[in-house]
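Have a look at query.cif; it's mmCIF, C-alpha atoms:
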```cif
data_final
loop_
_atom_site.group_PDB
_atom_site.id
_atom_site.type_symbol
_atom_site.label_atom_id
_atom_site.label_comp_id
_atom_site.auth_asym_id
_atom_site.auth_seq_id
_atom_site.Cartn_x
_atom_site.Cartn_y
_atom_site.Cartn_z
ATOM 1 C CA MET A 1 -11.577 -13.742 7.702
ATOM 2 C CA PRO A 2 -13.418 -15.866 5.125
ATOM 3 C CA SER A 3 -11.561 -18.926 3.904
ATOM 4 C CA THR A 4 -13.295 -19.487 0.560
ATOM 5 C CA HIS A 5 -12.148 -17.799 -2.643
ATOM 6 C CA SER A 6 -13.923 -16.011 -5.448
ATOM 7 C CA LYS A 7 -17.461 -17.045 -4.522
ATOM 8 C CA HIS A 8 -17.413 -14.222 -1.972
ATOM 9 C CA MET A 9 -16.939 -11.609 -4.675
ATOM 10 C CA GLU A 10 -20.068 -9.467 -4.837
ATOM 11 C CA SER A 11 -19.250 -7.658 -8.077
ATOM 12 C CA PRO A 12 -18.456 -9.382 -11.425
ATOM 13 C CA THR A 13 -16.617 -6.234 -12.496
ATOM 14 C CA LEU A 14 -14.381 -6.348 -9.437
ATOM 15 C CA PHE A 15 -13.778 -10.063 -9.939
ATOM 16 C CA SER A 16 -12.609 -9.425 -13.505
ATOM 17 C CA LEU A 17 -10.280 -6.712 -12.243
ATOM 18 C CA LEU A 18 -8.709 -9.070 -9.731
ATOM 19 C CA ARG A 19 -8.159 -11.754 -12.361
ATOM 20 C CA HIS A 20 -6.530 -9.346 -14.810
ATOM 21 C CA THR A 21 -2.745 -9.402 -14.718
ATOM 22 C CA THR A 22 -0.876 -6.348 -15.892
ATOM 23 C CA THR A 23 2.896 -6.212 -16.182
ATOM 24 C CA PRO A 24 4.078 -2.842 -14.868
ATOM 25 C CA LYS A 25 6.422 -0.801 -16.993
ATOM 26 C CA LYS A 26 10.030 -0.983 -15.936
ATOM 27 C CA SER A 27 11.366 2.255 -14.575
ATOM 28 C CA SER A 28 14.581 3.654 -15.989
ATOM 29 C CA LYS A 29 15.846 4.212 -12.464
ATOM 30 C CA SER A 30 15.526 2.283 -9.246
ATOM 31 C CA ASN A 31 15.393 3.809 -5.782
ATOM 32 C CA CYS A 32 15.562 2.040 -2.462
ATOM 33 C CA GLY A 33 16.029 4.579 0.222
ATOM 34 C CA GLY A 34 17.670 6.804 -2.393
ATOM 35 C CA GLY A 35 19.890 4.188 -4.050
ATOM 36 C CA GLY A 36 19.528 1.326 -6.484
ATOM 37 C CA SER A 37 21.327 -1.801 -7.578
ATOM 38 C CA LYS A 38 21.663 -3.318 -11.008
ATOM 39 C CA GLY A 39 23.054 -6.594 -9.778
ATOM 40 C CA LYS A 40 21.348 -9.808 -10.840
ATOM 41 C CA GLY A 41 19.521 -12.092 -8.453
ATOM 42 C CA GLY A 42 18.132 -9.349 -6.233
ATOM 43 C CA GLY A 43 15.068 -10.174 -4.148
ATOM 44 C CA GLY A 44 11.741 -8.391 -4.387
ATOM 45 C CA LEU A 45 10.051 -6.253 -1.762
ATOM 46 C CA LEU A 46 7.553 -8.958 -0.810
ATOM 47 C CA ARG A 47 10.403 -11.354 -0.012
ATOM 48 C CA MET A 48 12.181 -8.610 1.899
ATOM 49 C CA PHE A 49 9.068 -8.010 3.976
ATOM 50 C CA LYS A 50 8.893 -11.707 4.871
ATOM 51 C CA LEU A 51 12.325 -11.468 6.507
ATOM 52 C CA LEU A 52 11.020 -9.195 9.267
ATOM 53 C CA PRO A 53 11.826 -8.799 12.126
ATOM 54 C CA MET A 54 15.435 -9.350 10.972
ATOM 55 C CA LEU A 55 15.404 -6.015 9.115
ATOM 56 C CA THR A 56 15.432 -3.997 12.312
ATOM 57 C CA THR A 57 18.022 -1.563 10.957
ATOM 58 C CA GLY A 58 15.341 -0.186 8.626
ATOM 59 C CA CYS A 59 14.203 2.234 11.314
ATOM 60 C CA LYS A 60 17.647 3.825 11.542
ATOM 61 C CA MET A 61 17.916 4.105 7.772
ATOM 62 C CA ALA A 62 14.467 5.681 7.469
ATOM 63 C CA ALA A 63 15.188 8.239 10.177
ATOM 64 C CA LEU A 64 18.550 9.113 8.638
ATOM 65 C CA LEU A 65 17.199 9.536 5.129
ATOM 66 C CA GLY A 66 14.266 11.559 6.378
ATOM 67 C CA SER A 67 16.622 14.077 7.975
ATOM 68 C CA LEU A 68 19.145 14.323 5.125
ATOM 69 C CA HIS A 69 17.023 14.500 1.987
ATOM 70 C CA ARG A 70 14.975 17.627 1.376
ATOM 71 C CA LYS A 71 14.291 17.095 -2.328
ATOM 72 C CA PRO A 72 12.077 14.309 -3.740
ATOM 73 C CA LEU A 73 14.045 11.176 -4.539
ATOM 74 C CA LEU A 74 11.716 10.089 -7.341
ATOM 75 C CA THR A 75 12.640 11.353 -10.777
ATOM 76 C CA ASP A 76 9.384 10.322 -12.462
ATOM 77 C CA ARG A 77 5.684 10.577 -11.681
ATOM 78 C CA ALA A 78 5.335 7.167 -10.047
ATOM 79 C CA THR A 79 2.930 7.010 -7.124
ATOM 80 C CA THR A 80 4.221 6.019 -3.688
ATOM 81 C CA VAL A 81 2.214 3.425 -1.751
ATOM 82 C CA THR A 82 2.933 2.423 1.848
ATOM 83 C CA LEU A 83 1.468 -0.511 3.788
ATOM 84 C CA PHE A 84 2.278 -0.320 7.485
ATOM 85 C CA GLY A 85 1.073 -1.317 10.914
ATOM 86 C CA TYR A 86 1.915 -2.868 14.257
ATOM 87 C CA ARG A 87 2.220 -6.645 14.040
ATOM 88 C CA LYS A 88 -0.778 -7.335 16.287
ATOM 89 C CA ALA A 89 -2.887 -4.429 15.022
ATOM 90 C CA ARG A 90 -4.670 -3.483 11.811
ATOM 91 C CA LEU A 91 -2.860 -2.625 8.628
ATOM 92 C CA CYS A 92 -2.906 0.870 7.125
ATOM 93 C CA LEU A 93 -2.682 1.886 3.472
ATOM 94 C CA ALA A 94 -1.390 5.295 2.382
ATOM 95 C CA ILE A 95 -1.121 6.618 -1.182
ATOM 96 C CA GLN A 96 1.063 9.621 -1.977
ATOM 97 C CA GLU A 97 1.575 11.439 -5.246
ATOM 98 C CA ASP A 98 4.709 12.925 -3.659
ATOM 99 C CA PRO A 99 6.453 11.293 -0.650
ATOM 100 C CA HIS A 100 7.186 14.780 0.716
ATOM 101 C CA ARG A 101 3.502 15.694 0.819
ATOM 102 C CA PRO A 102 0.575 14.332 2.848
ATOM 103 C CA PRO A 103 -1.144 11.244 1.409
ATOM 104 C CA VAL A 104 -4.082 11.716 -0.940
ATOM 105 C CA PHE A 105 -5.646 8.536 0.489
ATOM 106 C CA VAL A 106 -5.277 6.911 3.931
ATOM 107 C CA VAL A 107 -7.356 4.023 5.226
ATOM 108 C CA GLU A 108 -7.099 1.443 7.998
ATOM 109 C CA LEU A 109 -7.756 -1.913 6.349
ATOM 110 C CA PRO A 110 -9.955 -4.506 8.118
ATOM 111 C CA MET A 111 -7.104 -7.006 8.432
ATOM 112 C CA LEU A 112 -4.189 -7.536 10.792
ATOM 113 C CA THR A 113 -0.611 -6.930 9.696
ATOM 114 C CA THR A 114 0.163 -10.595 10.408
ATOM 115 C CA ALA A 115 -2.582 -11.563 7.924
ATOM 116 C CA LEU A 116 -0.763 -9.564 5.254
ATOM 117 C CA HIS A 117 2.395 -11.549 5.963
ATOM 118 C CA ARG A 118 0.496 -14.792 5.367
ATOM 119 C CA GLU A 119 -1.012 -13.531 2.104
ATOM 120 C CA MET A 120 2.478 -12.734 0.813
ATOM 121 C CA ALA A 121 3.445 -16.409 0.885
ATOM 122 C CA SER A 122 2.524 -16.785 -2.794
ATOM 123 C CA ASP A 123 4.537 -13.697 -3.904
ATOM 124 C CA MET A 124 1.274 -12.199 -5.161
ATOM 125 C CA LEU A 125 -0.853 -9.711 -3.275
ATOM 126 C CA ARG A 126 -3.975 -8.087 -4.711
ATOM 127 C CA ILE A 127 -5.973 -5.645 -2.622
ATOM 128 C CA ALA A 128 -9.247 -4.302 -3.970
ATOM 129 C CA LEU A 129 -11.459 -1.564 -2.567
ATOM 130 C CA GLU A 130 -15.024 -1.206 -3.820
ATOM 131 C CA THR A 131 -17.446 1.609 -3.039
ATOM 132 C CA GLU A 132 -21.147 1.968 -3.740
ATOM 133 C CA THR A 133 -21.292 5.655 -2.862
ATOM 134 C CA ARG A 134 -21.349 8.289 -5.576
ATOM 135 C CA SER A 135 -20.803 11.664 -3.966
ATOM 136 C CA HIS A 136 -21.448 14.761 -6.071
ATOM 137 C CA LYS A 137 -18.292 15.974 -7.843
ATOM 138 C CA LYS A 138 -15.989 13.728 -5.779
ATOM 139 C CA ARG A 139 -13.118 11.876 -7.370
ATOM 140 C CA LEU A 140 -12.915 8.126 -6.827
ATOM 141 C CA LEU A 141 -10.260 8.229 -4.080
ATOM 142 C CA GLU A 142 -12.255 10.889 -2.244
ATOM 143 C CA GLU A 143 -15.082 8.470 -1.411
ATOM 144 C CA TYR A 144 -15.277 7.365 2.230
ATOM 145 C CA VAL A 145 -16.856 3.910 2.614
ATOM 146 C CA TRP A 146 -15.071 0.929 1.045
ATOM 147 C CA ALA A 147 -15.555 -2.834 0.941
ATOM 148 C CA VAL A 148 -12.097 -4.434 1.065
ATOM 149 C CA TYR A 149 -10.946 -7.634 -0.649
ATOM 150 C CA CYS A 150 -7.584 -9.373 -0.296
ATOM 151 C CA ASN A 151 -6.591 -11.931 -2.930
ATOM 152 C CA GLY A 152 -10.237 -12.384 -3.894
ATOM 153 C CA ARG A 153 -11.669 -12.730 -0.384
ATOM 154 C CA LYS A 154 -13.805 -10.077 1.244
ATOM 155 C CA VAL A 155 -12.269 -9.090 4.578
ATOM 156 C CA GLY A 156 -14.603 -6.290 5.705
ATOM 157 C CA TYR A 157 -15.218 -2.560 5.382
ATOM 158 C CA SER A 158 -13.066 0.539 5.855
ATOM 159 C CA ILE A 159 -13.655 4.275 6.054
ATOM 160 C CA ARG A 160 -11.137 6.647 4.500
ATOM 161 C CA ARG A 161 -9.439 8.952 6.989
ATOM 162 C CA LYS A 162 -10.221 12.643 6.815
ATOM 163 C CA ASP A 163 -7.139 13.296 8.948
ATOM 164 C CA MET A 164 -4.200 11.061 9.759
ATOM 165 C CA SER A 165 -3.839 9.672 13.252
ATOM 166 C CA GLU A 166 -0.749 10.467 15.307
ATOM 167 C CA ASP A 167 0.788 7.089 14.474
ATOM 168 C CA GLU A 168 0.108 7.501 10.744
ATOM 169 C CA ALA A 169 1.629 10.985 10.664
ATOM 170 C CA HIS A 170 4.631 9.573 12.552
ATOM 171 C CA VAL A 171 5.207 6.915 9.881
ATOM 172 C CA MET A 172 4.822 9.369 6.995
ATOM 173 C CA GLN A 173 7.362 11.696 8.604
ATOM 174 C CA LEU A 174 9.933 8.929 9.142
ATOM 175 C CA LEU A 175 9.612 7.727 5.538
ATOM 176 C CA ARG A 176 9.777 11.122 3.813
ATOM 177 C CA GLY A 177 13.166 10.286 2.296
ATOM 178 C CA VAL A 178 12.391 6.656 1.423
ATOM 179 C CA SER A 179 10.959 5.773 -1.969
ATOM 180 C CA MET A 180 11.199 1.977 -1.748
ATOM 181 C CA GLY A 181 11.956 -0.511 0.993
ATOM 182 C CA ALA A 182 10.684 -2.622 3.878
ATOM 183 C CA GLY A 183 11.642 -2.755 7.518
ATOM 184 C CA VAL A 184 10.823 -1.896 11.112
ATOM 185 C CA LEU A 185 10.218 1.636 12.385
ATOM 186 C CA PRO A 186 10.485 3.029 15.922
ATOM 187 C CA SER A 187 7.074 3.345 17.546
ATOM 188 C CA LEU A 188 5.826 6.502 19.221
ATOM 189 C CA SER A 189 5.864 4.897 22.662
ATOM 190 C CA ASP A 190 7.219 1.822 24.408
ATOM 191 C CA LYS A 191 3.679 1.091 25.622
ATOM 192 C CA GLU A 192 2.358 0.682 22.074
ATOM 193 C CA TYR A 193 5.363 -1.458 21.133
ATOM 194 C CA ALA A 194 4.770 -3.789 24.084
ATOM 195 C CA ALA A 195 1.047 -4.119 23.346
ATOM 196 C CA ASP A 196 1.029 -4.428 19.550
ATOM 197 C CA GLY A 197 4.539 -5.535 18.604
ATOM 198 C CA GLU A 198 6.889 -3.962 16.089
ATOM 199 C CA LEU A 199 5.809 -1.267 13.666
ATOM 200 C CA THR A 200 6.557 -2.685 10.213
ATOM 201 C CA TYR A 201 6.260 -1.145 6.771
ATOM 202 C CA ILE A 202 6.610 -1.867 3.086
ATOM 203 C CA ARG A 203 6.881 1.052 0.646
ATOM 204 C CA ALA A 204 7.181 0.934 -3.134
ATOM 205 C CA ARG A 205 6.654 2.915 -6.303
ATOM 206 C CA PHE A 206 3.509 2.111 -8.255
ATOM 207 C CA GLU A 207 2.297 2.725 -11.769
ATOM 208 C CA ARG A 208 -1.115 4.373 -11.589
ATOM 209 C CA VAL A 209 -3.601 3.416 -14.299
ATOM 210 C CA VAL A 210 -6.876 5.356 -14.523
ATOM 211 C CA GLY A 211 -9.426 3.217 -16.351
ATOM 212 C CA SER A 212 -12.300 5.687 -15.943
ATOM 213 C CA LYS A 213 -13.722 8.036 -13.341
ATOM 214 C CA ASP A 214 -14.996 4.902 -11.570
ATOM 215 C CA SER A 215 -11.908 2.668 -11.683
ATOM 216 C CA GLU A 216 -8.214 3.061 -10.906
ATOM 217 C CA SER A 217 -5.420 0.521 -10.510
ATOM 218 C CA PHE A 218 -1.959 0.651 -8.974
ATOM 219 C CA TYR A 219 0.776 -1.813 -10.017
ATOM 220 C CA MET A 220 4.028 -2.149 -8.102
ATOM 221 C CA ILE A 221 7.170 -1.365 -10.087
ATOM 222 C CA ASN A 222 9.662 -4.113 -9.268
ATOM 223 C CA PRO A 223 13.266 -3.064 -8.547
ATOM 224 C CA GLU A 224 15.760 -3.516 -11.366
ATOM 225 C CA GLY A 225 17.709 -6.755 -11.029
ATOM 226 C CA ALA A 226 14.927 -8.654 -9.259
ATOM 227 C CA SER A 227 15.393 -12.319 -10.180
ATOM 228 C CA SER A 228 11.641 -13.016 -10.304
ATOM 229 C CA PRO A 229 9.119 -10.149 -10.534
ATOM 230 C CA GLN A 230 6.478 -10.141 -7.817
ATOM 231 C CA GLU A 231 2.949 -8.845 -8.100
ATOM 232 C CA LEU A 232 1.503 -6.317 -5.697
ATOM 233 C CA SER A 233 -1.599 -4.614 -7.084
ATOM 234 C CA ILE A 234 -4.268 -2.349 -5.619
ATOM 235 C CA PHE A 235 -7.627 -1.776 -7.317
ATOM 236 C CA PHE A 236 -10.287 0.878 -6.693
ATOM 237 C CA LEU A 237 -13.773 0.495 -8.139
ATOM 238 C CA ARG A 238 -16.947 2.535 -7.780
ATOM 239 C CA LEU A 239 -20.122 0.644 -8.635
ATOM 240 C CA ARG A 240 -22.439 2.240 -11.134
#
```
Starting from the file, give its structure as structure tokens.
Amino acid sequence: MPSTHSKHMESPTLFSLLRHTTTPKKSSKSNCGGGGSKGKGGGGLLRMFKLLPMLTTGCKMAALLGSLHRKPLLTDRATTVTLFGYRKARLCLAIQEDPHRPPVFVVELPMLTTALHREMASDMLRIALETETRSHKKRLLEEYVWAVYCNGRKVGYSIRRKDMSEDEAHVMQLLRGVSMGAGVLPSLSDKEYAADGELTYIRARFERVVGSKDSESFYMINPEGASSPQELSIFFLRLR
């Protein structure tokens, strides 16, 4: 992974997107596995994710909520974004308009899950995906080939999934009843667990901002009561 910063950015437009800071609107309700807290001093999701693997009970909570809740837990139109992956394997990104429906966008990012943990050290994570393809009548998130940047550094290329893998479908099923949270999920097999480590996830509600047909942004909605808001943003850009 490159170690230098913005000089690796190939697009001035993308660079300006990454530098722009937008404060997400506060939601009137907060959900974390179906419940919220209004207490002061609460930690953010990025800090929660750093505590792994201590949050091993997350897998039990996710499985329980997935079996009990049949109606969507979100009361607004916030988008659900999930970052997940085995510790020693590549990270996956899934975007859902409804957590009870299949994702509208799934991609395996060209970075390890452990690299994501390191990037979270500054409480700010910005992921950008840039495409040069312009397919006829396709929406932005329907494009396939993407250059991926993490906190201003280009980390490689990804191809959007046409169909979810078995592992990805497994994660989406376990998290059907979870709108916000971070933890460890049970893997499909002990063999995968032994080879790649624990299957971790972070899921949150995002405000979706459509700039044009060639640009969209997603800004994490911090839980109510978080002592210091954290920034987790995802940008999509199609070059003209």
How close does each residue of range 134-164 of chain A get to range 83-98 of chain A, giving the shortest atom pair and distance in Å to one decimal for every residue with an atom at most 10 Å away, counting all atoms listed in the file, sorted by chain and residue number, as a Markdown table?
```
| residue | atom | partner | partner_atom | distance |
| --- | --- | --- | --- | --- |
| A:Leu141 | CA | A:Ile95 | CA | 9.7 |
| A:Arg160 | CA | A:Leu93 | CA | 9.8 |
| A:Arg161 | CA | A:Ala94 | CA | 10.0 |
| A:Met164 | CA | A:Ala94 | CA | 9.8 |
```
Exercise. Which is closer to Tyr201 in chain A than all the others in A:Thr82, A:Tyr219, A:Thr131, A:Leu237, using all atoms listed in the file?
Worked result: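 Counting all atoms listed in the file, the residue closest to Tyr201 in chain A is A:Thr82.
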For this session: With a distance cut-off of 7 Å and only C-alpha atoms, select the neighbouring residues of Ser217 in chain A, excluding the residue or stretch itself and same-chain residues fewer than 2 positions from it, and output the selection as a PyMOL selection string.
Result: chain A and resi 208-210+215+219+234-236
Exercise. Rounded to one decimal in Å, what is the spacing between CA of Pro99 in chain A and CA of Ser187 in chain A?
Worked result: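 We find that CA of Pro99 in chain A and CA of Ser187 in chain A lie 19.9 Å from each other.
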Problem set entry | Pairwise distance for CA of Ser179 in chain A and CA of Asp123 in chain A, rounded to one decimal in Å |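 Between CA of Ser179 in chain A and CA of Asp123 in chain A the gap is 20.6 Å.
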For this session: Please indicate the distance in Å from CA of Lys138 in chain A to CA of Gly211 in chain A, rounded to one decimal place.
Result: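 We find that CA of Lys138 in chain A and CA of Gly211 in chain A lie 16.3 Å from each other.
Within 8 Å of Glu207 in chain A, once all atoms listed in the file are used and residues closer than 2 positions along the same chain are dropped, the contacting residues are Pro24, Lys25, Ala78, Thr79, Arg205, Val209, Phe218, Tyr219, Met220 and Ile221 of chain A.
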Problem set entry | Nearest residue to Val145 in chain A from the set A:Glu168, A:Asp163, A:Glu119, A:Glu108 (distances using all atoms listed in the file) | A:Glu108
For this session: Tell me which of A:Leu125, A:Thr114, A:Gly181, A:Pro102 sits closest to Gln230 in chain A, counting all atoms listed in the file.
Result: A:Leu125
